[in-house]
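model-v9.cif follows (mmCIF, C-alpha atoms and all ligand atoms):
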data_query
#
loop_
_atom_site.group_PDB
_atom_site.id
_atom_site.type_symbol
_atom_site.label_atom_id
_atom_site.label_comp_id
_atom_site.auth_asym_id
_atom_site.auth_seq_id
_atom_site.Cartn_x
_atom_site.Cartn_y
_atom_site.Cartn_z
ATOM 1 C CA MET A 2 -23.423 -42.658 -19.814
ATOM 2 C CA ALA A 3 -26.368 -43.096 -22.236
ATOM 3 C CA ALA A 4 -26.929 -40.328 -24.813
ATOM 4 C CA SER A 5 -29.644 -37.953 -23.721
ATOM 5 C CA SER A 6 -32.225 -39.123 -26.314
ATOM 6 C CA GLU A 7 -31.651 -42.729 -25.137
ATOM 7 C CA LEU A 8 -32.088 -41.632 -21.534
ATOM 8 C CA VAL A 9 -35.291 -39.766 -22.336
ATOM 9 C CA LYS A 10 -36.653 -42.898 -24.032
ATOM 10 C CA GLN A 11 -35.641 -45.010 -21.041
ATOM 11 C CA ILE A 12 -37.308 -42.563 -18.608
ATOM 12 C CA LEU A 13 -40.555 -42.521 -20.594
ATOM 13 C CA GLU A 14 -40.632 -46.329 -20.684
ATOM 14 C CA LEU A 15 -39.922 -46.634 -16.957
ATOM 15 C CA LYS A 16 -42.505 -43.959 -16.226
ATOM 16 C CA ARG A 17 -45.167 -46.003 -18.015
ATOM 17 C CA LYS A 18 -44.051 -49.234 -16.343
ATOM 18 C CA ARG A 19 -44.089 -47.669 -12.857
ATOM 19 C CA LYS A 20 -47.382 -45.768 -13.436
ATOM 20 C CA ALA A 21 -45.502 -42.674 -12.361
ATOM 21 C CA VAL A 22 -46.160 -38.968 -12.754
ATOM 22 C CA LEU A 23 -43.234 -36.525 -13.074
ATOM 23 C CA LEU A 24 -43.764 -33.195 -11.338
ATOM 24 C CA SER A 25 -41.221 -30.434 -11.899
ATOM 25 C CA HIS A 26 -40.678 -27.008 -10.389
ATOM 26 C CA TYR A 27 -39.779 -24.127 -12.729
ATOM 27 C CA TYR A 28 -36.259 -23.959 -11.242
ATOM 28 C CA GLN A 29 -35.328 -27.426 -12.548
ATOM 29 C CA ARG A 30 -32.942 -27.905 -15.469
ATOM 30 C CA PRO A 31 -34.578 -27.284 -18.888
ATOM 31 C CA GLU A 32 -34.370 -30.962 -19.919
ATOM 32 C CA ILE A 33 -36.210 -31.978 -16.726
ATOM 33 C CA GLN A 34 -38.926 -29.346 -17.232
ATOM 34 C CA ASP A 35 -39.386 -30.535 -20.825
ATOM 35 C CA LEU A 36 -39.859 -34.141 -19.746
ATOM 36 C CA ALA A 37 -42.232 -33.513 -16.836
ATOM 37 C CA ASP A 38 -45.976 -34.234 -16.961
ATOM 38 C CA PHE A 39 -46.552 -31.023 -15.063
ATOM 39 C CA VAL A 40 -44.347 -27.973 -14.402
ATOM 40 C CA GLY A 41 -45.538 -25.465 -11.842
ATOM 41 C CA ASP A 42 -45.019 -23.284 -8.805
ATOM 42 C CA SER A 43 -45.189 -24.645 -5.253
ATOM 43 C CA LEU A 44 -48.960 -24.155 -4.941
ATOM 44 C CA GLU A 45 -49.798 -25.780 -8.289
ATOM 45 C CA LEU A 46 -47.448 -28.677 -7.534
ATOM 46 C CA SER A 47 -49.155 -29.279 -4.160
ATOM 47 C CA ARG A 48 -52.529 -29.406 -5.910
ATOM 48 C CA GLN A 49 -51.181 -31.842 -8.522
ATOM 49 C CA ALA A 50 -49.676 -34.054 -5.801
ATOM 50 C CA GLU A 51 -53.010 -34.078 -3.962
ATOM 51 C CA ASN A 52 -55.088 -35.016 -7.002
ATOM 52 C CA THR A 53 -52.978 -37.398 -9.085
ATOM 53 C CA ASP A 54 -54.121 -40.997 -9.603
ATOM 54 C CA ALA A 55 -50.592 -42.184 -10.473
ATOM 55 C CA GLU A 56 -49.040 -44.828 -8.198
ATOM 56 C CA VAL A 57 -45.651 -43.119 -8.011
ATOM 57 C CA ILE A 58 -44.927 -39.383 -7.760
ATOM 58 C CA VAL A 59 -41.424 -38.404 -8.872
ATOM 59 C CA PHE A 60 -40.759 -34.953 -7.481
ATOM 60 C CA CYS A 61 -38.236 -32.997 -9.523
ATOM 61 C CA GLY A 62 -37.760 -30.261 -6.981
ATOM 62 C CA VAL A 63 -36.504 -30.085 -3.397
ATOM 63 C CA HIS A 64 -37.169 -32.125 -0.269
ATOM 64 C CA PHE A 65 -39.991 -30.049 1.280
ATOM 65 C CA MET A 66 -41.966 -30.356 -1.988
ATOM 66 C CA ALA A 67 -41.673 -34.159 -1.997
ATOM 67 C CA GLU A 68 -42.625 -34.190 1.693
ATOM 68 C CA SER A 69 -45.757 -32.145 0.977
ATOM 69 C CA ALA A 70 -46.665 -34.699 -1.714
ATOM 70 C CA ALA A 71 -46.138 -37.530 0.820
ATOM 71 C CA ILE A 72 -48.354 -35.696 3.342
ATOM 72 C CA LEU A 73 -51.130 -35.051 0.825
ATOM 73 C CA SER A 74 -50.966 -38.481 -0.883
ATOM 74 C CA PRO A 75 -49.880 -40.980 1.810
ATOM 75 C CA ASP A 76 -50.865 -44.011 -0.270
ATOM 76 C CA LYS A 77 -48.472 -43.055 -3.101
ATOM 77 C CA LEU A 78 -44.781 -43.750 -3.396
ATOM 78 C CA VAL A 79 -42.942 -40.408 -3.501
ATOM 79 C CA LEU A 80 -39.453 -40.259 -5.018
ATOM 80 C CA LEU A 81 -36.914 -37.411 -4.896
ATOM 81 C CA PRO A 82 -34.228 -38.263 -7.502
ATOM 82 C CA ASP A 83 -31.429 -36.731 -5.375
ATOM 83 C CA ALA A 84 -31.871 -37.221 -1.626
ATOM 84 C CA ASP A 85 -29.553 -34.256 -0.961
ATOM 85 C CA ALA A 86 -31.812 -31.758 -2.736
ATOM 86 C CA GLY A 87 -32.807 -29.739 0.319
ATOM 87 C CA CYS A 88 -33.907 -26.116 0.622
ATOM 88 C CA PRO A 89 -31.450 -24.076 2.730
ATOM 89 C CA MET A 90 -34.268 -21.714 3.751
ATOM 90 C CA ALA A 91 -36.436 -24.597 5.020
ATOM 91 C CA ASP A 92 -33.476 -25.636 7.222
ATOM 92 C CA MET A 93 -33.508 -22.217 8.944
ATOM 93 C CA VAL A 94 -36.363 -23.262 11.243
ATOM 94 C CA ASN A 95 -36.957 -26.500 13.130
ATOM 95 C CA ALA A 96 -39.828 -27.725 15.286
ATOM 96 C CA ALA A 97 -38.035 -27.216 18.627
ATOM 97 C CA SER A 98 -37.064 -23.586 17.949
ATOM 98 C CA LEU A 99 -40.547 -22.867 16.593
ATOM 99 C CA ARG A 100 -42.145 -24.307 19.757
ATOM 100 C CA GLU A 101 -39.888 -22.038 21.847
ATOM 101 C CA GLU A 102 -40.911 -18.953 19.880
ATOM 102 C CA LYS A 103 -44.598 -19.886 20.114
ATOM 103 C CA ALA A 104 -44.238 -20.174 23.900
ATOM 104 C CA ARG A 105 -42.505 -16.775 24.071
ATOM 105 C CA LEU A 106 -45.240 -15.019 22.060
ATOM 106 C CA ASN A 107 -48.879 -14.665 23.069
ATOM 107 C CA ASN A 108 -50.465 -17.804 21.521
ATOM 108 C CA PRO A 109 -49.764 -16.688 17.934
ATOM 109 C CA VAL A 110 -51.343 -18.031 14.759
ATOM 110 C CA VAL A 111 -48.413 -19.675 12.970
ATOM 111 C CA VAL A 112 -48.240 -19.245 9.195
ATOM 112 C CA SER A 113 -45.546 -21.383 7.647
ATOM 113 C CA TYR A 114 -44.301 -20.959 4.117
ATOM 114 C CA VAL A 115 -44.467 -24.351 2.333
ATOM 115 C CA ASN A 116 -40.676 -24.157 2.230
ATOM 116 C CA THR A 117 -40.538 -25.868 5.655
ATOM 117 C CA SER A 118 -40.134 -29.415 6.955
ATOM 118 C CA ALA A 119 -43.135 -31.612 7.807
ATOM 119 C CA GLU A 120 -42.258 -31.220 11.539
ATOM 120 C CA VAL A 121 -42.507 -27.428 11.221
ATOM 121 C CA LYS A 122 -45.803 -27.696 9.323
ATOM 122 C CA ALA A 123 -47.077 -29.907 12.147
ATOM 123 C CA GLU A 124 -46.398 -27.001 14.560
ATOM 124 C CA SER A 125 -48.198 -24.526 12.270
ATOM 125 C CA ASP A 126 -51.826 -23.444 11.889
ATOM 126 C CA ILE A 127 -51.774 -22.790 8.162
ATOM 127 C CA CYS A 128 -49.310 -22.929 5.266
ATOM 128 C CA CYS A 129 -48.906 -20.472 2.426
ATOM 129 C CA THR A 130 -46.950 -20.215 -0.808
ATOM 130 C CA SER A 131 -45.756 -17.103 -2.589
ATOM 131 C CA ALA A 132 -48.866 -17.361 -4.815
ATOM 132 C CA ASN A 133 -51.435 -17.204 -2.000
ATOM 133 C CA VAL A 134 -49.606 -15.470 0.878
ATOM 134 C CA ILE A 135 -51.793 -12.334 0.666
ATOM 135 C CA ARG A 136 -55.037 -14.357 0.715
ATOM 136 C CA VAL A 137 -53.791 -16.576 3.559
ATOM 137 C CA VAL A 138 -52.633 -13.670 5.781
ATOM 138 C CA SER A 139 -55.813 -11.679 5.032
ATOM 139 C CA SER A 140 -57.928 -14.665 6.156
ATOM 140 C CA LEU A 141 -56.458 -14.722 9.691
ATOM 141 C CA PRO A 142 -58.432 -13.514 12.743
ATOM 142 C CA ARG A 143 -57.759 -9.811 13.518
ATOM 143 C CA ASP A 144 -57.460 -10.334 17.278
ATOM 144 C CA ARG A 145 -54.558 -12.807 17.131
ATOM 145 C CA GLU A 146 -50.836 -12.214 16.920
ATOM 146 C CA ILE A 147 -49.261 -13.790 13.786
ATOM 147 C CA LEU A 148 -45.917 -15.568 13.634
ATOM 148 C CA PHE A 149 -44.655 -15.971 10.046
ATOM 149 C CA VAL A 150 -41.908 -18.554 9.334
ATOM 150 C CA PRO A 151 -39.282 -18.744 7.904
ATOM 151 C CA ASP A 152 -38.955 -16.180 5.065
ATOM 152 C CA GLN A 153 -38.722 -12.655 6.466
ATOM 153 C CA ASN A 154 -38.717 -11.100 2.962
ATOM 154 C CA LEU A 155 -41.968 -12.824 1.994
ATOM 155 C CA GLY A 156 -43.386 -11.941 5.418
ATOM 156 C CA ARG A 157 -42.492 -8.259 4.990
ATOM 157 C CA PHE A 158 -44.064 -8.262 1.513
ATOM 158 C CA ALA A 159 -47.289 -9.766 2.978
ATOM 159 C CA GLU A 160 -47.286 -7.177 5.810
ATOM 160 C CA GLN A 161 -47.038 -4.391 3.276
ATOM 161 C CA ARG A 162 -49.819 -5.739 1.030
ATOM 162 C CA THR A 163 -52.259 -6.739 3.806
ATOM 163 C CA GLY A 164 -51.548 -4.077 6.455
ATOM 164 C CA ARG A 165 -51.213 -6.891 9.077
ATOM 165 C CA LYS A 166 -48.265 -6.702 11.479
ATOM 166 C CA MET A 167 -46.513 -10.037 12.058
ATOM 167 C CA SER A 168 -43.568 -11.473 13.987
ATOM 168 C CA LEU A 169 -41.119 -12.508 11.284
ATOM 169 C CA TRP A 170 -38.717 -15.426 11.601
ATOM 170 C CA PRO A 171 -35.250 -14.285 10.449
ATOM 171 C CA GLY A 172 -34.977 -16.777 7.551
ATOM 172 C CA PHE A 173 -34.363 -16.047 3.879
ATOM 173 C CA CYS A 174 -33.749 -17.709 0.516
ATOM 174 C CA CYS A 175 -30.021 -17.458 -0.110
ATOM 175 C CA ILE A 176 -30.689 -17.095 -3.863
ATOM 176 C CA HIS A 177 -33.305 -14.339 -3.860
ATOM 177 C CA ASP A 178 -31.914 -12.517 -0.822
ATOM 178 C CA GLN A 179 -28.525 -11.986 -2.489
ATOM 179 C CA LEU A 180 -30.050 -9.946 -5.339
ATOM 180 C CA THR A 181 -29.230 -6.294 -4.614
ATOM 181 C CA ALA A 182 -30.931 -3.045 -5.649
ATOM 182 C CA ASP A 183 -27.612 -2.052 -7.223
ATOM 183 C CA GLU A 184 -27.579 -5.125 -9.516
ATOM 184 C CA VAL A 185 -31.187 -4.463 -10.466
ATOM 185 C CA GLN A 186 -30.416 -0.819 -11.289
ATOM 186 C CA LYS A 187 -27.542 -1.986 -13.524
ATOM 187 C CA ALA A 188 -29.837 -4.445 -15.337
ATOM 188 C CA LYS A 189 -32.419 -1.680 -15.816
ATOM 189 C CA ALA A 190 -29.734 0.625 -17.258
ATOM 190 C CA ALA A 191 -28.637 -2.152 -19.671
ATOM 191 C CA HIS A 192 -32.258 -2.811 -20.776
ATOM 192 C CA PRO A 193 -34.064 0.523 -20.442
ATOM 193 C CA GLY A 194 -37.242 -0.685 -22.223
ATOM 194 C CA ALA A 195 -37.682 -3.801 -20.058
ATOM 195 C CA LEU A 196 -40.180 -4.317 -17.222
ATOM 196 C CA LEU A 197 -38.818 -5.699 -13.948
ATOM 197 C CA VAL A 198 -40.606 -8.730 -12.466
ATOM 198 C CA VAL A 199 -39.379 -10.113 -9.146
ATOM 199 C CA HIS A 200 -40.204 -12.873 -6.673
ATOM 200 C CA PRO A 201 -41.465 -11.854 -3.197
ATOM 201 C CA GLU A 202 -38.546 -13.778 -1.620
ATOM 202 C CA CYS A 203 -36.400 -10.801 -2.731
ATOM 203 C CA ARG A 204 -35.439 -8.021 -0.308
ATOM 204 C CA SER A 205 -37.844 -5.096 0.080
ATOM 205 C CA GLU A 206 -35.449 -2.629 -1.619
ATOM 206 C CA VAL A 207 -35.534 -4.865 -4.738
ATOM 207 C CA ILE A 208 -39.317 -5.307 -4.534
ATOM 208 C CA ALA A 209 -39.664 -1.495 -4.370
ATOM 209 C CA LEU A 210 -38.060 -1.219 -7.838
ATOM 210 C CA ALA A 211 -40.296 -3.847 -9.495
ATOM 211 C CA ASP A 212 -43.116 -3.389 -12.004
ATOM 212 C CA HIS A 213 -44.641 -6.656 -10.824
ATOM 213 C CA VAL A 214 -44.095 -8.985 -7.835
ATOM 214 C CA ALA A 215 -45.355 -12.584 -8.076
ATOM 215 C CA SER A 216 -44.715 -16.290 -7.594
ATOM 216 C CA THR A 217 -43.006 -18.073 -10.490
ATOM 217 C CA SER A 218 -46.262 -18.903 -12.284
ATOM 218 C CA GLY A 219 -47.585 -15.409 -11.527
ATOM 219 C CA MET A 220 -44.515 -14.003 -13.316
ATOM 220 C CA LEU A 221 -45.196 -16.280 -16.293
ATOM 221 C CA ARG A 222 -48.833 -15.194 -16.547
ATOM 222 C CA TYR A 223 -47.865 -11.526 -16.228
ATOM 223 C CA ALA A 224 -45.114 -11.666 -18.882
ATOM 224 C CA CYS A 225 -47.258 -13.607 -21.372
ATOM 225 C CA ALA A 226 -50.259 -11.257 -20.962
ATOM 226 C CA SER A 227 -48.248 -8.002 -20.960
ATOM 227 C CA PRO A 228 -47.940 -5.949 -24.170
ATOM 228 C CA ALA A 229 -44.270 -5.289 -23.208
ATOM 229 C CA ARG A 230 -41.579 -7.123 -25.228
ATOM 230 C CA GLU A 231 -38.684 -7.228 -22.737
ATOM 231 C CA PHE A 232 -38.439 -8.292 -19.101
ATOM 232 C CA ILE A 233 -35.751 -8.362 -16.415
ATOM 233 C CA VAL A 234 -36.434 -11.401 -14.239
ATOM 234 C CA GLY A 235 -35.610 -11.372 -10.515
ATOM 235 C CA THR A 236 -35.892 -15.038 -9.648
ATOM 236 C CA GLU A 237 -33.969 -18.300 -10.085
ATOM 237 C CA GLU A 238 -32.741 -18.617 -13.677
ATOM 238 C CA GLY A 239 -34.706 -21.858 -14.396
ATOM 239 C CA LEU A 240 -37.836 -19.787 -14.955
ATOM 240 C CA LEU A 241 -36.241 -18.169 -18.020
ATOM 241 C CA HIS A 242 -36.506 -21.482 -19.881
ATOM 242 C CA GLN A 243 -40.267 -21.590 -19.368
ATOM 243 C CA LEU A 244 -40.689 -17.854 -20.063
ATOM 244 C CA SER A 245 -38.884 -18.176 -23.417
ATOM 245 C CA LYS A 246 -40.830 -21.347 -24.223
ATOM 246 C CA GLN A 247 -44.242 -19.841 -23.487
ATOM 247 C CA CYS A 248 -43.499 -16.363 -24.897
ATOM 248 C CA PRO A 249 -41.001 -17.061 -27.730
ATOM 249 C CA ASP A 250 -41.438 -13.600 -29.241
ATOM 250 C CA LYS A 251 -40.337 -11.776 -26.067
ATOM 251 C CA ALA A 252 -36.882 -11.213 -24.541
ATOM 252 C CA PHE A 253 -36.019 -12.162 -20.955
ATOM 253 C CA TYR A 254 -32.885 -11.120 -19.061
ATOM 254 C CA THR A 255 -31.782 -12.393 -15.672
ATOM 255 C CA ALA A 256 -31.459 -9.642 -13.036
ATOM 256 C CA SER A 257 -28.145 -11.200 -11.925
ATOM 257 C CA ASN A 258 -25.978 -14.122 -12.987
ATOM 258 C CA GLY A 259 -25.921 -15.396 -9.403
ATOM 259 C CA LEU A 260 -29.569 -16.501 -9.342
ATOM 260 C CA VAL A 261 -28.924 -20.252 -9.435
ATOM 261 C CA CYS A 262 -30.269 -22.643 -6.779
ATOM 262 C CA ARG A 263 -27.766 -25.502 -6.553
ATOM 263 C CA SER A 264 -30.266 -27.797 -4.830
ATOM 264 C CA MET A 265 -32.759 -27.413 -7.670
ATOM 265 C CA LYS A 266 -30.046 -28.313 -10.201
ATOM 266 C CA LEU A 267 -29.175 -31.595 -8.450
ATOM 267 C CA THR A 268 -31.899 -33.421 -10.417
ATOM 268 C CA THR A 269 -30.454 -34.787 -13.661
ATOM 269 C CA LEU A 270 -31.824 -37.125 -16.334
ATOM 270 C CA GLU A 271 -29.456 -39.859 -15.076
ATOM 271 C CA LYS A 272 -30.730 -39.573 -11.485
ATOM 272 C CA LEU A 273 -34.328 -39.458 -12.692
ATOM 273 C CA ALA A 274 -33.864 -42.695 -14.685
ATOM 274 C CA LEU A 275 -32.186 -44.379 -11.710
ATOM 275 C CA ALA A 276 -34.955 -43.297 -9.333
ATOM 276 C CA LEU A 277 -37.607 -44.778 -11.642
ATOM 277 C CA GLU A 278 -35.626 -47.982 -12.012
ATOM 278 C CA THR A 279 -34.820 -48.537 -8.317
ATOM 279 C CA LEU A 280 -37.842 -46.722 -6.792
ATOM 280 C CA GLU A 281 -35.370 -44.890 -4.542
ATOM 281 C CA PRO A 282 -34.717 -42.437 -2.868
ATOM 282 C CA ARG A 283 -38.149 -42.376 -1.222
ATOM 283 C CA VAL A 284 -39.603 -39.585 0.856
ATOM 284 C CA SER A 285 -42.155 -40.394 3.534
ATOM 285 C CA VAL A 286 -43.534 -38.705 6.643
ATOM 286 C CA GLU A 287 -44.328 -40.576 9.828
ATOM 287 C CA THR A 288 -48.057 -40.741 10.632
ATOM 288 C CA ARG A 289 -47.747 -38.827 13.942
ATOM 289 C CA ILE A 290 -46.285 -35.797 12.071
ATOM 290 C CA ARG A 291 -48.364 -36.229 8.928
ATOM 291 C CA GLU A 292 -51.683 -36.128 10.777
ATOM 292 C CA ARG A 293 -50.859 -32.662 12.145
ATOM 293 C CA ALA A 294 -48.987 -31.282 9.116
ATOM 294 C CA ILE A 295 -51.849 -32.095 6.745
ATOM 295 C CA LEU A 296 -54.181 -29.768 8.664
ATOM 296 C CA ALA A 297 -51.964 -26.748 7.888
ATOM 297 C CA LEU A 298 -51.678 -27.756 4.223
ATOM 298 C CA GLU A 299 -55.404 -28.455 3.834
ATOM 299 C CA ARG A 300 -56.356 -25.114 5.446
ATOM 300 C CA MET A 301 -54.150 -23.443 2.842
ATOM 301 C CA LEU A 302 -55.552 -25.475 -0.056
ATOM 302 C CA ALA A 303 -59.109 -24.577 1.043
ATOM 303 C CA ILE A 304 -58.299 -20.899 0.394
ATOM 304 C CA VAL A 305 -58.925 -20.246 -3.288
HETATM 305 P P1 LIG B 1 -42.809 -20.556 -6.161
HETATM 306 O O1 LIG B 1 -42.567 -21.329 -7.408
HETATM 307 O O2 LIG B 1 -43.996 -21.075 -5.420
HETATM 308 O O3 LIG B 1 -42.899 -19.096 -6.452
HETATM 309 O O4 LIG B 1 -41.590 -20.828 -5.153
HETATM 310 C C1 LIG B 1 -40.333 -20.320 -5.301
HETATM 311 C C2 LIG B 1 -39.307 -21.104 -4.579
HETATM 312 O O5 LIG B 1 -38.346 -20.583 -4.108
HETATM 313 C C3 LIG B 1 -39.442 -22.546 -4.482
HETATM 314 O O6 LIG B 1 -38.366 -23.068 -3.809
HETATM 315 FE FE1 LIG B 2 -34.990 -22.901 -1.254
HETATM 316 FE FE2 LIG B 2 -34.463 -20.585 -2.456
HETATM 317 FE FE3 LIG B 2 -33.661 -22.853 -3.597
HETATM 318 FE FE4 LIG B 2 -36.280 -22.224 -3.500
HETATM 319 S S1 LIG B 2 -34.685 -21.131 -4.608
HETATM 320 S S2 LIG B 2 -35.334 -24.206 -3.024
HETATM 321 S S3 LIG B 2 -36.383 -21.162 -1.521
HETATM 322 S S4 LIG B 2 -32.970 -22.004 -1.609
#
Let me see the structure of the file written as structure tokens.
Ligand code: 13P
Ligand code: SF4
Amino acid sequence: MAASSELVKQILELKRKRKAVLLSHYYQRPEIQDLADFVGDSLELSRQAENTDAEVIVFCGVHFMAESAAILSPDKLVLLPDADAGCPMADMVNAASLREEKARLNNPVVVSYVNTSAEVKAESDICCTSANVIRVVSSLPRDREILFVPDQNLGRFAEQRTGRKMSLWPGFCCIHDQLTADEVQKAKAAHPGALLVVHPECRSEVIALADHVASTSGMLRYACASPAREFIVGTEEGLLHQLSKQCPDKAFYTASNGLVCRSMKLTTLEKLALALETLEPRVSVETRIRERAILALERMLAIV
């Protein structure tokens, strides 16, 4: 195995040769975040994927993110360095079960979290991310029933903030959903001066204890702008790298040691180098699905 500085050099050379852009989510390993051309939350990464003029997009994230890039930029080659990097929450809904639920309800508007497959997006009216969920739900017609898939915690958070009642799919993020109010109370007792920031994929009893609830980049903005010096962070631990990097004079503590998404950690420097060298594994979406899925993504991206 090449030493890490050798690998980094190799990746940068291959990146230039392939005319590739490296996009990374905040939950990636620190060395991947540091090497990426852009690090962001799901919404920012979708915008980057839509607007890049690179020939190859290497998505350091999970499968649904690479699929969104393939939907938004069909003429680009999209690589996911580990083909097994899926999102367990996205797998909690499929197109057939969504069609059944739509038929059972009264012609609902379907809002799908971007953490869904292209097939599910194709069955949806509009997508949302944790950064724009309030704006997306608030934009929906008042006389229509809403079906929100698949994250029930995010859906409940949006219901509370918008006053809209929705049918919630019983999905959840196995990382955020396992964080308990008890663990959070213990972290608060250990760091009495710290503010608590949590992701809206957390359970409502955890959200109720928070000083601020936001997407990953919303948490970053909040922590950097706040006069407070210490923060307890209720999201996947990868964000702590970026928090410490952007606010080096502040202290960040994880709300629980269990906040690690194994799928996000599957991307390594070795796999990234191999993907750039072999131009594999590729992620693509068949035209029939893409043509419908892009409508839901574009309706979301049109909402500022
Ligand atoms: P955001 O970065 O959009 O907040 O998403 C969190 C997440 O769980 C991505 O898988
Ligand atoms: Fe999916 Fe949760 Fe991992 Fe994000 S953190 S990829 S929502 S399992």
Neighbour list for range 178-194 of chain A as a ChimeraX atom specification, cut-off 10 Å, all atoms listed in the file, skip fewer than 3 positions in-chain: /A:152-154,172-175,197,201-211,229-236,254-260
Residues returned when the PyMOL selection byres (((chain A and resi 131) around 10) and not hetatm) runs on this file, as a ChimeraX atom specification: /A:42-44,114-116,129-130,132-135,155-156,158-159,200-202,214-219
Around ligand LIG 2 (chain B), which protein and nucleic acid residues have at least one atom no more than 7 Å from it, if we count all atoms listed in the file? List them as a PDB file with C-alpha atoms, in the coordinates of the input.
ATOM      1  CA  VAL A  63     -36.504 -30.085  -3.397  1.00  0.00           C
ATOM      2  CA  GLY A  87     -32.807 -29.739   0.319  1.00  0.00           C
ATOM      3  CA  CYS A  88     -33.907 -26.116   0.622  1.00  0.00           C
ATOM      4  CA  PRO A  89     -31.450 -24.076   2.730  1.00  0.00           C
ATOM      5  CA  MET A  90     -34.268 -21.714   3.751  1.00  0.00           C
ATOM      6  CA  ALA A  91     -36.436 -24.597   5.020  1.00  0.00           C
ATOM      7  CA  ASN A 116     -40.676 -24.157   2.230  1.00  0.00           C
ATOM      8  CA  CYS A 174     -33.749 -17.709   0.516  1.00  0.00           C
ATOM      9  CA  CYS A 175     -30.021 -17.458  -0.110  1.00  0.00           C
ATOM     10  CA  ILE A 176     -30.689 -17.095  -3.863  1.00  0.00           C
ATOM     11  CA  HIS A 177     -33.305 -14.339  -3.860  1.00  0.00           C
ATOM     12  CA  GLU A 237     -33.969 -18.300 -10.085  1.00  0.00           C
ATOM     13  CA  CYS A 262     -30.269 -22.643  -6.779  1.00  0.00           C
ATOM     14  CA  SER A 264     -30.266 -27.797  -4.830  1.00  0.00           C
ATOM     15  CA  MET A 265     -32.759 -27.413  -7.670  1.00  0.00           C
TER      16      MET A 265
END
Given 6 Å on each side, where is the centre and what are the edge lengths in Å to one decimal of the axis-aligned box enclosing the listed atoms of range 266-270 of chain A, as JSON?
{"center_x": -30.5, "center_y": -32.7, "center_z": -12.4, "size_x": 14.7, "size_y": 20.8, "size_z": 19.9}
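Here CA of Ile58 in chain A stands at a distance of 15.3 Å from CA of Glu14 in chain A.
If you look at CA of Leu78 in chain A and CA of Pro151 in chain A, they are 28.0 Å away from each other.
Distance annotation: of A:Lys266, A:Arg105, A:Arg100, A:Arg19, the residue with the minimal separation from ligand LIG 1 (chain B) is A:Lys266; atom set is all atoms listed in the file.
Atom to atom, CA of Glu124 in chain A and CA of Arg293 in chain A stand 7.6 Å apart.
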Target residues per the PyMOL selection byres (((chain A and resi 21) around 8) and not hetatm), formatted as a PyMOL selection string: chain A and resi 16-20+22-23+55-59
Atoms kept (C-alpha atoms) for selection, written as a compact mmCIF listing (two decimals), in the frame of the given file:
# COMPACT_ATOMS: atom_id res chain seq x y z
CA LYS A 16 -42.50 -43.96 -16.23
CA ARG A 17 -45.17 -46.00 -18.02
CA LYS A 18 -44.05 -49.23 -16.34
CA ARG A 19 -44.09 -47.67 -12.86
CA LYS A 20 -47.38 -45.77 -13.44
CA VAL A 22 -46.16 -38.97 -12.75
CA LEU A 23 -43.23 -36.52 -13.07
CA ALA A 55 -50.59 -42.18 -10.47
CA GLU A 56 -49.04 -44.83 -8.20
CA VAL A 57 -45.65 -43.12 -8.01
CA ILE A 58 -44.93 -39.38 -7.76
CA VAL A 59 -41.42 -38.40 -8.87
Explicit residue set for the PyMOL selection byres (((chain A and resi 267) around 9) and not hetatm), as number ranges by chain: A: 29-30, 62, 82-83, 85-86, 263-266, 268-269, 272
Nearest to ligand LIG 1 (chain B) by atom-to-atom distance, counting only C-alpha atoms and all ligand atoms, from A:Met66, A:Val112, A:Ile147, A:Val138: A:Met66
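Compared by their closest atoms to ligand LIG 1 (chain B), and using all atoms listed in the file, the residues A:Ile33, A:Ala50, A:Val261, A:Ala195 rank with A:Val261 nearest.
With all atoms listed in the file as the atoms that count, the minimum distance from Ser168 in chain A to the choices A:Gln11, A:Asn107, A:Ser6, A:Asn95 is reached by A:Asn107.
You can rank A:Pro109, A:Pro171, A:Pro228, A:Gly41 by their closest distance to ligand LIG 1 (chain B) using only C-alpha atoms and all ligand atoms, and at the top of that list sits A:Gly41.
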Test item: residues at most 9 Å from Ile304 in chain A, all atoms listed in the file, excluding those fewer than 6 positions along its chain, as a VMD selection string: chain A and resid 133 136 to 137 140
